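Trainee: One structure coming up, written as structure tokens, with questions to follow.
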Amino acid sequence: MSGAAGWFLLEPPAGRTPLALPVPLVGRLEPVGEVLEVPGAPEGIVGVAEVRGRPTTLLDLSLWSGDVVSRDVPPRGALLLAPPREHLAIASFPGLRMRAVEPWRELPPGTTVIDAAGLDQTLAGLEPSGGGR
Amino acid sequence: MKTERLERAFREEAARHLQAVRQTLERDGAVDDEGLTEVFRRLHSVKGMAASIGRSALAEQAHRLEERVERARAERGGLTAEDRAELAAGSRDLAARLGEAAPVPQPSAAEDRLPPARVPDERLDRLFDLALGLSTAQQRLEHRLGLPSDGELLALRDGISAAVRDLRREIMELRLLPVRSLLPLLEGAVRRWSQERGVRVQVSLRGDGVRADRRMLERLLDPLGHLLRNAIVHGIEPAAEREQQGKPVVGTVRVTARREQDLLLLQVSDDGRGVDPEEVLQRAAERGLIAGPSPRGLSAEAALDLLTREGMSRLDAADGLAGRGVGLSAARAEIERLGGSLRLRRRSGPGLTAEVRVPLGLAVLDAFLVQTRGRTFAVPVGAVREVHREDGSEGPRGSPPERVLDLAEGLGLDGREGGSGAAARCLLVVETAGAPAALAVERVLSRAEVVVRPLGPPLESVPPWTGAALLPWGGLALVLDPLRVTPTARAIPADAASATMAE
């Protein structure tokens, strides 16, 4: 999946690594309420929240950016992924900027680009943490 | 979509049968009685497979060919040249139609009716999804409204509740398929394994009237294949060996399907050489799956349970069929992802039984909603034998089991405000591979029928979670399999303290 249709750019605060996803990989942004922590979940999984009547797994941007986002503040939203990954979303924490980038524009330097295969590979490589929180 | 797997398996298997039919009919020389029986059997298989996945037109065509074979045998003692030519042409035509999409039935000239409705699987899934959403909304509205004192309002509430429940059940009913749908799709593989292993096997099914959700059956196809392969590779002996033991030369693998409340119970039993639990323990120690000396207190069933761990194989040499013990562990992993369990049991006679328990459907669960350390979880009622209060103030007669695992400790939960220091704990008694054990929680909030949604990857592979329940009062609760709260809770009794399960 290339950026031929443009990118969806996620820019964490304070100079952390931005992440770009091809637009077709991205669904919509939804608010989230309570987030359930999942004991034993791999690092990088914030938890599970109900979004439009479905349990949705919230992924931490740190899975790709390598920067640990503070867990003291709950996520305010969930950027749902497009089908068939609609049970997944990227957690939106305060300070995270999101915007669409036209395909002909340059992405900011240092941006990590994730396509569908890369996303699936990342998730397939996650190991349960073997303990709760 | 996974329904395509069933269709594809049907097309491949049916094509193979029909090719064999044509080869028999078109070869030189007469078709003897054995050949005639073979032709009939293969057409019968195609008919059965087509019917099981709803391809009624193809089933009917296979039936007509089958009838012609039977009529020729009864009336003429065999096939004429004309019979052979027409049967070969009929088989060729049937094979050509396998790849067609299921046609919309046309009204017959004698009837003036519209064809019956056919609903694609994807639309049925969507309807089901909407029904679940409606169920959840109705539950939550009821919870919010409470019990109205107004008689009319109460009747209205009950009416809506009943209508939603009936709608959900009707749609769930549409998704049900008989368990027997699976076996014809594995017939070819069973034959191949038997030939490669040099054994003779007959596979039969009991309880073919039992039905389950089609999506569940699709996901059971692979695990069932693994279990059948295990029975053939590890269980059934070659004919000469069986004859020496006084067994029938043809080995038997029996698949039994039964319904237990909300669970589908599948048993795959063979009359082969069985398993020596001591041998399993020795092999597990050699492979580093258990550390320390073999635990003498380990039950036979707990020892057999080790066979489902990755890395176990009873064959001395790894060969293509044995797969280095991957098959049973792969079956167990998939079954657990479905919220079920796999156990191996010794039989009263020769052989081994693999017992699979999975939810009949994927969506609605009768569950205990429990709370511990301020968090709510859902525990399937079917997994719990009894509920006691630790101080004996509530619960059935008799003492609770000695093995007690605190849920909060098992999950590694930290304390939460208002969540610790509760009164006597509640003990949920569960069956394990060894002696019964109890899961301790702070309180049992209620028993409720909850809508459960799958977690999907990657969380579906994280034990002990089997899904997320949408709570009647709003929010989610994780659904847990009590047997998988920790690895040790399942297999090792408390008195075998020197042995631990290596990760």
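Ordering of the structure tokens sets the chain letters (A, B, ...), residue numbers begin anew at 1 in every chain, and ligands are numbered from 1 in the order given.
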Select, as a PyMOL selection string, those residues of chain A with any atom no more than 8 Å from chain B (distances computed using only C-alpha atoms).

Mentor: chain A and resi 34+36+38-41+49-50+53-57+87+123-124+126+128+131-133

Trainee: Please produce a file of the residues just selected, as a CSV table (one decimal), in the first residue's frame, where the atoms kept are all heavy atoms.

Mentor:
chain,number,residue,atom,x,y,z
A,34,GLU,N,-14.0,5.0,28.9
A,34,GLU,CA,-13.1,4.2,29.8
A,34,GLU,C,-12.3,3.3,28.9
A,34,GLU,O,-12.8,2.7,28.0
A,34,GLU,CB,-14.0,3.4,30.7
A,34,GLU,CG,-13.1,2.6,31.7
A,34,GLU,CD,-14.0,1.6,32.5
A,34,GLU,OE1,-15.2,1.5,32.3
A,34,GLU,OE2,-13.4,0.9,33.4
A,36,LEU,N,-10.0,-0.1,29.2
A,36,LEU,CA,-9.7,-1.2,30.0
A,36,LEU,C,-8.2,-1.6,29.8
A,36,LEU,O,-7.8,-1.9,28.7
A,36,LEU,CB,-10.5,-2.5,29.7
A,36,LEU,CG,-11.9,-2.6,30.1
A,36,LEU,CD1,-12.4,-4.0,29.8
A,36,LEU,CD2,-12.0,-2.4,31.6
A,38,VAL,N,-5.5,-4.4,29.8
A,38,VAL,CA,-5.6,-5.8,29.6
A,38,VAL,C,-4.3,-6.5,30.2
A,38,VAL,O,-3.2,-6.4,29.7
A,38,VAL,CB,-5.6,-6.2,28.1
A,38,VAL,CG1,-5.7,-7.7,27.8
A,38,VAL,CG2,-6.8,-5.4,27.4
A,39,PRO,N,-4.5,-7.1,31.4
A,39,PRO,CA,-3.4,-7.8,32.0
A,39,PRO,C,-2.7,-8.8,31.0
A,39,PRO,O,-3.4,-9.6,30.4
A,39,PRO,CB,-4.0,-8.5,33.2
A,39,PRO,CG,-5.2,-7.7,33.5
A,39,PRO,CD,-5.7,-7.2,32.2
A,40,GLY,N,-1.4,-8.7,31.0
A,40,GLY,CA,-0.7,-9.7,30.1
A,40,GLY,C,-0.6,-9.2,28.7
A,40,GLY,O,0.1,-9.8,27.8
A,41,ALA,N,-1.2,-8.0,28.3
A,41,ALA,CA,-1.1,-7.5,27.0
A,41,ALA,C,0.4,-7.1,26.6
A,41,ALA,O,1.1,-6.7,27.5
A,41,ALA,CB,-2.0,-6.3,26.8
A,49,ALA,N,-11.1,-0.3,24.5
A,49,ALA,CA,-12.2,0.6,24.8
A,49,ALA,C,-13.4,0.3,23.9
A,49,ALA,O,-13.2,-0.3,22.8
A,49,ALA,CB,-11.7,2.0,24.5
A,50,GLU,N,-14.6,0.7,24.3
A,50,GLU,CA,-15.7,0.4,23.5
A,50,GLU,C,-15.9,1.6,22.6
A,50,GLU,O,-16.0,2.8,23.0
A,50,GLU,CB,-17.0,0.3,24.4
A,50,GLU,CG,-18.2,0.0,23.5
A,50,GLU,CD,-19.5,-0.2,24.4
A,50,GLU,OE1,-19.4,-0.3,25.6
A,50,GLU,OE2,-20.6,-0.2,23.8
A,53,GLY,N,-20.0,0.6,20.1
A,53,GLY,CA,-20.5,-0.7,20.4
A,53,GLY,C,-19.6,-1.9,20.2
A,53,GLY,O,-20.0,-3.1,20.3
A,54,ARG,N,-18.3,-1.6,19.9
A,54,ARG,CA,-17.4,-2.7,19.6
A,54,ARG,C,-16.1,-2.5,20.5
A,54,ARG,O,-15.6,-1.4,20.7
A,54,ARG,CB,-16.9,-2.7,18.2
A,54,ARG,CG,-17.9,-3.0,17.2
A,54,ARG,CD,-17.4,-2.8,15.8
A,54,ARG,NE,-18.3,-3.2,14.8
A,54,ARG,CZ,-18.6,-4.5,14.4
A,54,ARG,NH1,-17.9,-5.4,15.0
A,54,ARG,NH2,-19.5,-4.7,13.6
A,55,PRO,N,-15.6,-3.6,21.0
A,55,PRO,CA,-14.3,-3.5,21.7
A,55,PRO,C,-13.2,-3.2,20.7
A,55,PRO,O,-13.1,-3.9,19.7
A,55,PRO,CB,-14.1,-4.9,22.3
A,55,PRO,CG,-14.9,-5.8,21.6
A,55,PRO,CD,-16.1,-5.0,21.0
A,56,THR,N,-12.4,-2.2,21.0
A,56,THR,CA,-11.4,-1.8,20.1
A,56,THR,C,-10.1,-1.7,20.8
A,56,THR,O,-10.0,-1.2,21.9
A,56,THR,CB,-11.7,-0.4,19.5
A,56,THR,OG1,-13.0,-0.4,18.9
A,56,THR,CG2,-10.7,0.1,18.5
A,57,THR,N,-9.1,-2.4,20.2
A,57,THR,CA,-7.7,-2.4,20.8
A,57,THR,C,-7.0,-1.1,20.5
A,57,THR,O,-6.9,-0.8,19.3
A,57,THR,CB,-7.0,-3.6,20.3
A,57,THR,OG1,-7.7,-4.8,20.6
A,57,THR,CG2,-5.6,-3.7,20.9
A,87,HIS,N,-11.0,-3.4,14.2
A,87,HIS,CA,-11.0,-3.6,15.6
A,87,HIS,C,-9.8,-3.0,16.3
A,87,HIS,O,-9.6,-3.1,17.5
A,87,HIS,CB,-11.0,-5.2,15.9
A,87,HIS,CG,-9.7,-5.8,15.5
A,87,HIS,ND1,-9.5,-6.1,14.1
A,87,HIS,CD2,-8.7,-6.3,16.1
A,87,HIS,CE1,-8.3,-6.7,14.0
A,87,HIS,NE2,-7.8,-6.8,15.2
A,123,LEU,N,2.4,-6.2,14.7
A,123,LEU,CA,1.5,-6.8,15.6
A,123,LEU,C,1.7,-8.3,15.8
A,123,LEU,O,1.6,-8.8,16.9
A,123,LEU,CB,0.0,-6.6,15.1
A,123,LEU,CG,-0.4,-5.1,15.0
A,123,LEU,CD1,-1.9,-5.0,14.6
A,123,LEU,CD2,-0.3,-4.4,16.4
A,124,ALA,N,2.1,-8.9,14.7
A,124,ALA,CA,2.4,-10.4,14.8
A,124,ALA,C,3.6,-10.6,15.6
A,124,ALA,O,3.8,-11.7,16.2
A,124,ALA,CB,2.6,-10.9,13.4
A,126,LEU,N,4.4,-9.1,18.4
A,126,LEU,CA,4.2,-8.7,19.8
A,126,LEU,C,4.1,-10.0,20.6
A,126,LEU,O,3.4,-10.9,20.3
A,126,LEU,CB,2.9,-7.9,19.9
A,126,LEU,CG,3.0,-6.5,19.3
A,126,LEU,CD1,1.6,-5.8,19.5
A,126,LEU,CD2,4.1,-5.6,19.8
A,128,PRO,N,2.9,-11.5,24.5
A,128,PRO,CA,2.3,-11.2,25.8
A,128,PRO,C,3.3,-10.8,26.8
A,128,PRO,O,4.4,-11.4,26.9
A,128,PRO,CB,1.5,-12.5,26.2
A,128,PRO,CG,1.3,-13.2,24.9
A,128,PRO,CD,2.5,-12.8,24.0
A,131,GLY,N,2.4,-10.7,32.5
A,131,GLY,CA,2.0,-10.1,33.8
A,131,GLY,C,1.0,-9.1,33.7
A,131,GLY,O,0.7,-8.6,32.6
A,132,GLY,N,0.4,-8.7,34.7
A,132,GLY,CA,-0.7,-7.7,34.7
A,132,GLY,C,-0.1,-6.3,35.1
A,132,GLY,O,1.0,-6.2,35.4
A,133,ARG,N,-1.0,-5.4,35.1
A,133,ARG,CA,-0.7,-4.0,35.6
A,133,ARG,C,-1.7,-3.6,36.6
A,133,ARG,O,-2.8,-4.0,36.6
A,133,ARG,CB,-0.7,-3.1,34.4
A,133,ARG,CG,0.5,-3.3,33.6
A,133,ARG,CD,0.5,-2.5,32.3
A,133,ARG,NE,-0.6,-2.9,31.4
A,133,ARG,CZ,-1.0,-2.3,30.3
A,133,ARG,NH1,-0.4,-1.2,29.9
A,133,ARG,NH2,-2.0,-2.8,29.6

Trainee: Would you mind reading off the distance between CA of Val23 in chain A and CA of Pro120 in chain B, one decimal, in Å?

Mentor: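 So the two atoms, CA of Val23 in chain A and CA of Pro120 in chain B, lie 29.4 Å apart.
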
Trainee: Restricting the calculation to only C-alpha atoms: of A:Ala100, A:Leu88, A:Ala82, A:Leu10, which residue gets closest to Pro24 in chain A?

Mentor: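 Of A:Ala100, A:Leu88, A:Ala82, A:Leu10, the one nearest Pro24 in chain A, counting only C-alpha atoms, is A:Ala82.
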
Trainee: Between CA of Trp7 in chain A and CA of Arg76 in chain A, what distance in Å does the model show, to one decimal?

Mentor: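 Going from CA of Trp7 in chain A over to CA of Arg76 in chain A covers 22.0 Å.
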
Trainee: Once DSSP has gone over the backbone, tell me which residues of range 9-124 of chain A are in strand (DSSP E or B), as number ranges by chain.

Mentor: A: 9-11, 19-22, 26-31, 35-36, 45-51, 54-59, 77-81, 88-92, 97-101, 112-113
